[in-house]
$ cat model03.cif   # mmCIF, C-alpha atoms
data_protein
#
loop_
_atom_site.label_atom_id
_atom_site.label_comp_id
_atom_site.auth_asym_id
_atom_site.auth_seq_id
_atom_site.Cartn_x
_atom_site.Cartn_y
_atom_site.Cartn_z
CA MET N 6 3.79 -49.26 -40.00
CA SER N 7 7.53 -49.67 -39.43
CA LEU N 8 9.93 -52.38 -40.53
CA PRO N 9 11.56 -54.78 -38.07
CA ALA N 10 14.75 -53.22 -36.67
CA VAL N 11 17.83 -54.60 -38.45
CA ALA N 12 21.47 -53.68 -38.98
CA VAL N 13 23.79 -54.23 -41.93
CA GLY N 14 25.00 -57.82 -41.96
CA ASP N 15 21.98 -59.27 -40.16
CA ALA N 16 20.62 -62.50 -41.61
CA LEU N 17 16.85 -62.93 -41.76
CA ASP N 18 15.35 -66.24 -40.64
CA GLY N 19 15.13 -68.54 -43.66
CA HIS N 20 11.99 -70.08 -45.06
CA GLU N 21 11.30 -73.20 -47.16
CA VAL N 22 8.66 -73.43 -49.87
CA THR N 23 7.73 -76.68 -51.56
CA LEU N 24 6.57 -76.61 -55.18
CA THR N 25 4.61 -79.41 -56.79
CA ARG N 26 3.40 -79.75 -60.37
CA ALA N 27 0.00 -78.48 -59.19
CA ASP N 28 1.67 -75.27 -58.00
CA LEU N 29 3.23 -74.77 -61.44
CA VAL N 30 -0.10 -75.29 -63.16
CA ARG N 31 -1.76 -72.85 -60.75
CA TYR N 32 0.92 -70.23 -61.43
CA ALA N 33 0.71 -70.82 -65.20
CA GLY N 34 -2.99 -70.01 -65.07
CA ALA N 35 -2.62 -67.06 -62.73
CA SER N 36 0.25 -65.46 -64.65
CA GLY N 37 -0.80 -66.39 -68.17
CA ASP N 38 2.62 -67.96 -68.85
CA LEU N 39 1.55 -71.19 -70.51
CA ASN N 40 5.01 -72.21 -71.77
CA PRO N 41 4.79 -76.05 -71.79
CA ILE N 42 8.28 -76.48 -70.28
CA HIS N 43 6.49 -75.71 -66.99
CA TRP N 44 3.97 -78.55 -67.25
CA SER N 45 4.92 -80.97 -70.05
CA GLU N 46 7.74 -83.46 -69.44
CA ARG N 47 7.74 -84.22 -73.15
CA THR N 48 8.35 -80.61 -74.14
CA ALA N 49 10.83 -79.94 -71.33
CA THR N 50 13.05 -82.90 -72.20
CA ALA N 51 12.76 -82.18 -75.93
CA VAL N 52 14.41 -78.78 -75.40
CA GLY N 53 17.19 -80.31 -73.31
CA LEU N 54 15.92 -79.67 -69.79
CA PRO N 55 16.21 -82.45 -67.17
CA GLY N 56 12.45 -82.25 -66.64
CA VAL N 57 9.58 -79.86 -66.01
CA ILE N 58 10.91 -76.68 -64.39
CA ALA N 59 9.29 -73.98 -62.28
CA HIS N 60 8.69 -70.58 -63.85
CA GLY N 61 11.60 -68.30 -62.93
CA MET N 62 8.96 -65.66 -62.23
CA LEU N 63 7.31 -68.04 -59.72
CA THR N 64 10.60 -68.41 -57.85
CA MET N 65 10.98 -64.63 -57.96
CA ALA N 66 7.43 -64.21 -56.64
CA LEU N 67 8.16 -66.58 -53.74
CA ALA N 68 11.30 -64.61 -52.91
CA ALA N 69 9.37 -61.32 -53.07
CA GLN N 70 6.72 -62.87 -50.83
CA PHE N 71 9.42 -63.88 -48.35
CA VAL N 72 10.53 -60.23 -48.25
CA ALA N 73 6.95 -58.93 -47.96
CA ASP N 74 6.25 -61.33 -45.08
CA TRP N 75 9.36 -60.09 -43.27
CA ALA N 76 8.33 -56.47 -43.83
CA GLY N 77 4.81 -57.20 -42.62
CA ASP N 78 3.41 -55.17 -45.51
CA PRO N 79 3.44 -56.21 -49.19
CA ALA N 80 3.25 -52.53 -50.21
CA ALA N 81 6.61 -51.92 -48.52
CA VAL N 82 8.47 -53.78 -51.29
CA ARG N 83 9.75 -50.92 -53.49
CA SER N 84 12.00 -52.80 -55.87
CA PHE N 85 13.12 -56.31 -56.59
CA SER N 86 15.63 -57.45 -59.17
CA THR N 87 17.15 -60.83 -59.88
CA ARG N 88 18.94 -63.06 -62.35
CA PHE N 89 17.61 -66.55 -63.04
CA THR N 90 20.73 -68.67 -62.63
CA ARG N 91 19.45 -72.27 -62.52
CA PRO N 92 16.10 -73.91 -63.14
CA VAL N 93 14.13 -75.58 -60.33
CA VAL N 94 13.22 -79.03 -61.61
CA VAL N 95 9.88 -80.12 -60.19
CA PRO N 96 9.30 -83.90 -60.22
CA ASP N 97 5.93 -85.46 -60.95
CA ASP N 98 5.35 -86.68 -57.39
CA ASP N 99 3.71 -85.54 -54.16
CA ALA N 100 6.98 -84.39 -52.55
CA GLY N 101 7.78 -81.76 -55.20
CA ALA N 102 10.87 -79.56 -55.01
CA THR N 103 11.91 -77.41 -52.07
CA VAL N 104 13.22 -73.88 -52.50
CA THR N 105 15.04 -72.40 -49.49
CA LEU N 106 14.77 -68.63 -49.16
CA GLY N 107 16.92 -66.33 -47.06
CA ALA N 108 18.24 -62.78 -46.97
CA THR N 109 20.92 -60.60 -45.44
CA VAL N 110 20.74 -56.88 -44.79
CA LYS N 111 23.00 -54.99 -47.22
CA ALA N 112 22.11 -51.40 -46.33
CA VAL N 113 19.90 -49.38 -44.00
CA ASP N 114 19.31 -45.85 -45.27
CA ASP N 115 18.60 -42.74 -43.21
CA ASP N 116 15.07 -42.64 -44.66
CA GLY N 117 14.42 -46.14 -43.31
CA ALA N 118 14.83 -48.04 -46.57
CA VAL N 119 16.36 -51.48 -46.09
CA THR N 120 18.25 -53.19 -48.91
CA LEU N 121 18.23 -56.97 -48.73
CA GLY N 122 20.38 -59.45 -50.61
CA VAL N 123 18.01 -62.35 -51.16
CA THR N 124 19.04 -65.96 -51.67
CA ALA N 125 17.01 -68.81 -53.15
CA LEU N 126 18.49 -72.30 -53.16
CA GLY N 127 17.14 -75.24 -55.12
CA PRO N 128 16.71 -78.81 -53.80
CA ASP N 129 20.43 -79.52 -54.43
CA GLY N 130 21.47 -76.49 -52.36
CA ARG N 131 22.65 -74.45 -55.35
CA ALA N 132 21.44 -70.92 -56.03
CA VAL N 133 18.49 -70.60 -58.43
CA LEU N 134 18.40 -66.80 -58.16
CA GLY N 135 21.50 -64.64 -58.53
CA LYS N 136 22.16 -61.03 -57.57
CA ALA N 137 18.67 -60.87 -56.05
CA VAL N 138 18.19 -57.50 -54.35
CA ALA N 139 15.07 -56.08 -52.72
CA VAL N 140 14.56 -52.58 -51.38
CA VAL N 141 11.92 -52.29 -48.67
CA ARG N 142 10.60 -49.08 -47.15
CA ALA N 143 7.79 -48.61 -44.67
CA ARG N 144 4.82 -46.63 -45.99
CA MET L 2 22.50 -63.78 -85.53
CA ALA L 3 23.13 -60.21 -84.46
CA LEU L 4 20.03 -58.10 -83.88
CA ASP L 5 19.56 -54.67 -85.37
CA ALA L 6 21.06 -52.26 -82.82
CA SER L 7 18.93 -49.43 -84.21
CA PHE L 8 16.02 -50.94 -82.21
CA VAL L 9 17.50 -49.48 -79.01
CA GLY L 10 15.24 -46.67 -77.83
CA ARG L 11 12.35 -47.73 -80.01
CA THR L 12 8.95 -47.91 -78.33
CA TRP L 13 5.77 -49.79 -79.27
CA PRO L 14 2.18 -48.55 -79.07
CA PRO L 15 0.80 -48.36 -75.50
CA ARG L 16 -1.38 -51.16 -74.16
CA THR L 17 -3.96 -50.76 -71.41
CA TYR L 18 -4.70 -53.30 -68.66
CA ARG L 19 -7.52 -53.11 -66.15
CA VAL L 20 -6.53 -54.75 -62.83
CA GLY L 21 -9.33 -56.98 -61.61
CA ALA L 22 -9.87 -58.03 -57.99
CA GLU L 23 -10.36 -61.70 -58.88
CA LYS L 24 -7.13 -61.75 -60.92
CA VAL L 25 -5.29 -60.27 -57.94
CA ARG L 26 -6.80 -62.93 -55.65
CA GLU L 27 -5.92 -65.71 -58.11
CA PHE L 28 -2.32 -64.48 -58.45
CA ALA L 29 -1.93 -64.04 -54.68
CA ARG L 30 -3.06 -67.64 -54.11
CA ALA L 31 -0.61 -68.88 -56.76
CA VAL L 32 2.41 -67.24 -55.08
CA GLY L 33 1.48 -67.96 -51.46
CA ALA L 34 0.63 -64.35 -50.64
CA THR L 35 -1.67 -64.89 -47.66
CA ASP L 36 -1.91 -61.32 -46.30
CA PRO L 37 -5.63 -60.45 -46.35
CA VAL L 38 -4.89 -57.15 -48.15
CA HIS L 39 -4.54 -59.30 -51.31
CA THR L 40 -7.95 -60.91 -51.01
CA ASP L 41 -10.21 -58.87 -48.72
CA ALA L 42 -11.16 -55.38 -49.87
CA GLU L 43 -12.06 -54.34 -46.31
CA ALA L 44 -8.64 -55.38 -45.03
CA ALA L 45 -7.03 -53.54 -47.93
CA ARG L 46 -8.98 -50.34 -47.16
CA ALA L 47 -8.12 -50.63 -43.47
CA ALA L 48 -4.45 -50.66 -44.56
CA GLY L 49 -4.96 -47.49 -46.59
CA HIS L 50 -5.50 -48.94 -50.09
CA ASP L 51 -8.42 -48.34 -52.44
CA ASP L 52 -8.95 -52.08 -53.09
CA VAL L 53 -7.16 -55.44 -52.89
CA VAL L 54 -3.40 -55.08 -53.36
CA ALA L 55 -1.48 -56.99 -56.02
CA PRO L 56 1.66 -58.87 -54.89
CA PRO L 57 4.95 -57.19 -55.97
CA THR L 58 5.53 -59.36 -59.07
CA PHE L 59 1.89 -59.25 -60.26
CA PRO L 60 2.73 -56.69 -63.00
CA VAL L 61 4.35 -59.52 -64.97
CA VAL L 62 0.78 -60.55 -65.89
CA PHE L 63 0.49 -57.58 -68.24
CA THR L 64 4.11 -56.53 -68.83
CA TRP L 65 5.10 -60.00 -70.07
CA GLU L 66 2.18 -60.04 -72.49
CA ALA L 67 3.17 -56.61 -73.79
CA THR L 68 6.82 -57.62 -74.07
CA ARG L 69 5.91 -60.88 -75.79
CA GLU L 70 4.17 -58.93 -78.52
CA VAL L 71 7.39 -57.00 -79.16
CA VAL L 72 9.53 -60.14 -79.03
CA ASP L 73 7.30 -61.57 -81.74
CA ASP L 74 7.86 -58.51 -83.97
CA PRO L 75 9.52 -60.14 -86.99
CA GLU L 76 11.55 -57.00 -87.64
CA LEU L 77 13.37 -57.45 -84.32
CA GLY L 78 14.44 -60.94 -85.31
CA LEU L 79 14.28 -62.77 -81.96
CA ASP L 80 13.17 -66.41 -82.10
CA PHE L 81 10.86 -66.77 -79.11
CA THR L 82 11.25 -70.57 -79.01
CA ARG L 83 14.96 -70.02 -78.25
CA VAL L 84 14.51 -67.21 -75.75
CA VAL L 85 15.59 -67.56 -72.12
CA HIS L 86 14.50 -65.05 -69.46
CA ARG L 87 17.81 -64.10 -67.78
CA ASP L 88 17.04 -61.09 -65.56
CA GLN L 89 13.96 -59.38 -64.19
CA ALA L 90 13.54 -56.22 -62.18
CA PHE L 91 10.57 -54.28 -60.81
CA GLU L 92 10.71 -50.74 -59.52
CA LEU L 93 7.41 -49.99 -57.82
CA HIS L 94 6.46 -46.35 -57.32
CA ARG L 95 3.28 -47.45 -55.60
CA PRO L 96 1.46 -50.75 -55.11
CA VAL L 97 -0.85 -51.92 -57.89
CA VAL L 98 -4.45 -52.32 -56.67
CA ALA L 99 -7.66 -53.68 -58.17
CA GLY L 100 -9.42 -51.01 -60.21
CA ASP L 101 -6.18 -49.59 -61.59
CA VAL L 102 -6.27 -48.88 -65.31
CA LEU L 103 -2.63 -49.11 -66.33
CA THR L 104 -0.91 -48.21 -69.56
CA THR L 105 2.27 -50.05 -70.55
CA VAL L 106 4.78 -48.78 -73.08
CA VAL L 107 7.47 -51.28 -74.06
CA SER L 108 10.84 -50.09 -75.28
CA VAL L 109 14.16 -51.71 -76.09
CA ALA L 110 16.67 -50.47 -73.52
CA GLU L 111 19.73 -52.38 -74.67
CA ILE L 112 20.90 -54.90 -77.26
CA LYS L 113 24.15 -56.78 -76.77
CA GLU L 114 25.78 -59.89 -78.14
CA LEU L 115 27.33 -62.31 -75.69
CA ALA L 116 29.16 -65.41 -76.92
CA GLY L 117 27.12 -65.39 -80.11
CA ASN L 118 23.80 -65.00 -78.25
CA ASP L 119 21.55 -61.98 -78.58
CA VAL L 120 20.91 -60.27 -75.24
CA VAL L 121 17.99 -57.83 -75.29
CA THR L 122 16.74 -55.74 -72.38
CA PHE L 123 13.10 -54.67 -72.61
CA ARG L 124 11.75 -51.91 -70.41
CA CYS L 125 8.05 -51.50 -69.61
CA ASP L 126 6.99 -48.07 -68.32
CA VAL L 127 3.64 -48.41 -66.59
CA THR L 128 1.56 -45.31 -65.85
CA ASP L 129 -1.88 -44.45 -64.49
CA PRO L 130 -4.53 -42.54 -66.53
CA ASP L 131 -3.04 -39.20 -65.39
CA GLY L 132 0.35 -40.23 -66.72
CA GLY L 133 1.78 -40.71 -63.23
CA PRO L 134 4.46 -43.39 -62.95
CA VAL L 135 3.27 -46.61 -61.29
CA LEU L 136 6.15 -48.98 -61.98
CA VAL L 137 8.98 -49.89 -64.28
CA SER L 138 9.53 -53.52 -65.23
CA THR L 139 12.78 -54.54 -66.91
CA ALA L 140 13.34 -57.95 -68.49
CA THR L 141 16.54 -59.19 -70.10
CA LEU L 142 16.05 -62.02 -72.55
CA VAL L 143 18.74 -64.11 -74.20
CA GLY L 144 18.08 -65.48 -77.66
CA ARG L 145 20.25 -68.57 -77.75
CA ALA L 146 22.19 -68.98 -80.97
CA GLY L 147 21.03 -71.88 -83.14
CA GLU L 148 23.11 -74.97 -83.97
CA ASP L 149 24.20 -73.36 -87.21
CA ALA L 150 25.26 -70.06 -85.59
#

$ encode --input "model03.cif" --output "structure tokens"
Amino acid sequence: MSLPAVAVGDALDGHEVTLTRADLVRYAGASGDLNPIHWSERTATAVGLPGVIAHGMLTMALAAQFVADWAGDPAAVRSFSTRFTRPVVVPDDDAGATVTLGATVKAVDDDGAVTLGVTALGPDGRAVLGKAVAVVRAR
Amino acid sequence: MALDASFVGRTWPPRTYRVGAEKVREFARAVGATDPVHTDAEAARAAGHDDVVAPPTFPVVFTWEATREVVDDPELGLDFTRVVHRDQAFELHRPVVAGDVLTTVVSVAEIKELAGNDVVTFRCDVTDPDGGPVLVSTATLVGRAGEDA
């Protein structure tokens, strides 16, 4: 399986993911991260947050999934690193919060490895992940 | 409060985690990983894997638990209720699949102080039963200074 052909500087087609409170509860259970700031308004506001926030690791997982979908093979994702720069506040409604994912090609190695600079923007258009870099290589 | 810099390089006893197919399926659903290799063992085998494949960030399920135990070590002196997860990295030598029996060793890679906050980088080295490297997970946590700091 080979990766889509890209060159340095190419921008991948973006993708939007909407998170609702149900998604946060589902991720809490799946990951085992039961920190109440991800499901309790009372706890979140008590520690100074504007409201319940998504797990940073959920946002990272969505970004990794975006990369895996582009690669066409989840096993092609060889590394992924990021900083959590801003929380994604998820309101208690049906609309939820939208995270906009994108990436640009930073490097294409001789061995076929592609380095992507990944972006994730919160509902207000500001970055929620910083310095997010994924390295993808076909198996 | 400055943490004890002598913790750098220290490791904690290994922990073992058995990767279950249903946990992989549950995690894949939670992160929108819809490729059938995550949920269908036949599809996974057709793609060259032994069993269903965990999404790239799945290792947090067991590395976070192992790291949490170290964070809670009173000797280290981090207050978990004031901890913020600042950075995370995964280096995957091979995909994690159901049936893997993985051993995690947590170590402290770096301790710094930034504007009065403790910044600690934990490294999890994850290996298979033969000792072969499977992945490295690195998490940097910031222990926010208290009001009285």

$ interface_residues --input "model03.cif" --of "chain L" --to "chain N" --cutoff "10 Å" --atoms "only C-alpha atoms" --output "ChimeraX atom specification"
/L:24-36,38-39,48-50,54-63,65-66,82-83,85-97,136-141

$ atom_distance --input "model03.cif" --atom1 "CA of Val141 (chain N)" --atom2 "CA of Thr124 (chain N)"
15.7 Å

$ resolve_selection --input "model03.cif" --expression "the PyMOL selection byres ((chain N and resi 57) around 6)" --output "PyMOL selection string"
chain N and resi 42-44+46+49+56+58+94-95

$ residues_near_point --input "model03.cif" --point "(21.7, -72.9, -54.1)" --cutoff "12 Å" --atoms "all atoms listed in the file" --output "MDAnalysis selection string"
chainID N and resid 89:93 103:107 123:135

$ atom_distance --input "model03.cif" --atom1 "CA of Pro75 (chain L)" --atom2 "CA of Pro41 (chain N)"
22.5 Å

$ atom_distance --input "model03.cif" --atom1 "CA of Asp18 (chain N)" --atom2 "CA of Ala112 (chain N)"
17.3 Å

$ closest_residue --input "model03.cif" --among "N:Glu21, N:Trp75, N:Ser7, N:Ala143" --to "Val110 (chain N)" --atoms "all atoms listed in the file"
N:Trp75

$ resolve_selection --input "model03.cif" --expression "the PyMOL selection byres ((chain N and resi 97) around 9)" --output "list in words"
Thr25, Arg26, Glu46, Val57, Val95, Pro96, Asp98, Asp99, Ala100 and Gly101 of chain N

$ resolve_selection --input "model03.cif" --expression "the PyMOL selection byres ((chain L and resi 129) around 9)" --output "list of chain:residue names"
L:Asp101, L:Val102, L:Leu103, L:Thr104, L:Val127, L:Thr128, L:Pro130, L:Asp131, L:Gly132, L:Gly133, L:Pro134, L:Val135

$ closest_residue --input "model03.cif" --among "L:Arg124, L:Val71, L:Arg145, L:Asn118" --to "Trp13 (chain L)" --atoms "all atoms listed in the file"
L:Val71

$ build_atoms --input "model03.cif" --residues "region 94-112 of chain N" --atoms "N, CA and C atoms" --output "PDB file, in the coordinates of the input"
ATOM      1  N   VAL N  94      13.906 -77.889 -61.000  1.00  0.00           N
ATOM      2  CA  VAL N  94      13.220 -79.030 -61.610  1.00  0.00           C
ATOM      3  C   VAL N  94      12.201 -79.564 -60.620  1.00  0.00           C
ATOM      4  N   VAL N  95      10.962 -79.686 -61.075  1.00  0.00           N
ATOM      5  CA  VAL N  95       9.880 -80.120 -60.190  1.00  0.00           C
ATOM      6  C   VAL N  95       9.399 -81.494 -60.640  1.00  0.00           C
ATOM      7  N   PRO N  96       9.671 -82.539 -59.821  1.00  0.00           N
ATOM      8  CA  PRO N  96       9.300 -83.900 -60.220  1.00  0.00           C
ATOM      9  C   PRO N  96       7.784 -84.115 -60.174  1.00  0.00           C
ATOM     10  N   ASP N  97       7.348 -85.130 -60.914  1.00  0.00           N
ATOM     11  CA  ASP N  97       5.930 -85.460 -60.950  1.00  0.00           C
ATOM     12  C   ASP N  97       5.612 -86.412 -59.792  1.00  0.00           C
ATOM     13  N   ASP N  98       5.696 -85.873 -58.565  1.00  0.00           N
ATOM     14  CA  ASP N  98       5.350 -86.680 -57.390  1.00  0.00           C
ATOM     15  C   ASP N  98       4.735 -85.760 -56.328  1.00  0.00           C
ATOM     16  N   ASP N  99       4.371 -86.336 -55.189  1.00  0.00           N
ATOM     17  CA  ASP N  99       3.710 -85.540 -54.160  1.00  0.00           C
ATOM     18  C   ASP N  99       4.697 -84.698 -53.349  1.00  0.00           C
ATOM     19  N   ALA N 100       5.988 -85.096 -53.369  1.00  0.00           N
ATOM     20  CA  ALA N 100       6.980 -84.390 -52.550  1.00  0.00           C
ATOM     21  C   ALA N 100       7.378 -83.059 -53.190  1.00  0.00           C
ATOM     22  N   GLY N 101       7.429 -82.995 -54.515  1.00  0.00           N
ATOM     23  CA  GLY N 101       7.780 -81.760 -55.200  1.00  0.00           C
ATOM     24  C   GLY N 101       9.237 -81.374 -54.990  1.00  0.00           C
ATOM     25  N   ALA N 102       9.520 -80.099 -55.144  1.00  0.00           N
ATOM     26  CA  ALA N 102      10.870 -79.560 -55.010  1.00  0.00           C
ATOM     27  C   ALA N 102      10.847 -78.435 -53.982  1.00  0.00           C
ATOM     28  N   THR N 103      11.867 -78.425 -53.126  1.00  0.00           N
ATOM     29  CA  THR N 103      11.910 -77.410 -52.070  1.00  0.00           C
ATOM     30  C   THR N 103      12.880 -76.297 -52.427  1.00  0.00           C
ATOM     31  N   VAL N 104      12.407 -75.064 -52.293  1.00  0.00           N
ATOM     32  CA  VAL N 104      13.220 -73.880 -52.500  1.00  0.00           C
ATOM     33  C   VAL N 104      13.447 -73.243 -51.120  1.00  0.00           C
ATOM     34  N   THR N 105      14.703 -72.980 -50.792  1.00  0.00           N
ATOM     35  CA  THR N 105      15.040 -72.400 -49.490  1.00  0.00           C
ATOM     36  C   THR N 105      15.389 -70.926 -49.667  1.00  0.00           C
ATOM     37  N   LEU N 106      14.612 -70.079 -49.018  1.00  0.00           N
ATOM     38  CA  LEU N 106      14.770 -68.630 -49.160  1.00  0.00           C
ATOM     39  C   LEU N 106      15.452 -68.042 -47.928  1.00  0.00           C
ATOM     40  N   GLY N 107      16.255 -67.024 -48.160  1.00  0.00           N
ATOM     41  CA  GLY N 107      16.920 -66.330 -47.060  1.00  0.00           C
ATOM     42  C   GLY N 107      17.305 -64.935 -47.518  1.00  0.00           C
ATOM     43  N   ALA N 108      17.815 -64.138 -46.596  1.00  0.00           N
ATOM     44  CA  ALA N 108      18.240 -62.780 -46.970  1.00  0.00           C
ATOM     45  C   ALA N 108      19.190 -62.243 -45.926  1.00  0.00           C
ATOM     46  N   THR N 109      20.076 -61.345 -46.368  1.00  0.00           N
ATOM     47  CA  THR N 109      20.920 -60.600 -45.440  1.00  0.00           C
ATOM     48  C   THR N 109      20.745 -59.113 -45.711  1.00  0.00           C
ATOM     49  N   VAL N 110      20.917 -58.328 -44.680  1.00  0.00           N
ATOM     50  CA  VAL N 110      20.740 -56.880 -44.790  1.00  0.00           C
ATOM     51  C   VAL N 110      22.005 -56.272 -45.387  1.00  0.00           C
ATOM     52  N   LYS N 111      21.859 -55.593 -46.527  1.00  0.00           N
ATOM     53  CA  LYS N 111      23.000 -54.990 -47.220  1.00  0.00           C
ATOM     54  C   LYS N 111      23.158 -53.515 -46.877  1.00  0.00           C
ATOM     55  N   ALA N 112      22.044 -52.839 -46.622  1.00  0.00           N
ATOM     56  CA  ALA N 112      22.110 -51.400 -46.330  1.00  0.00           C
ATOM     57  C   ALA N 112      20.868 -50.988 -45.565  1.00  0.00           C
TER      58      ALA N 112
END
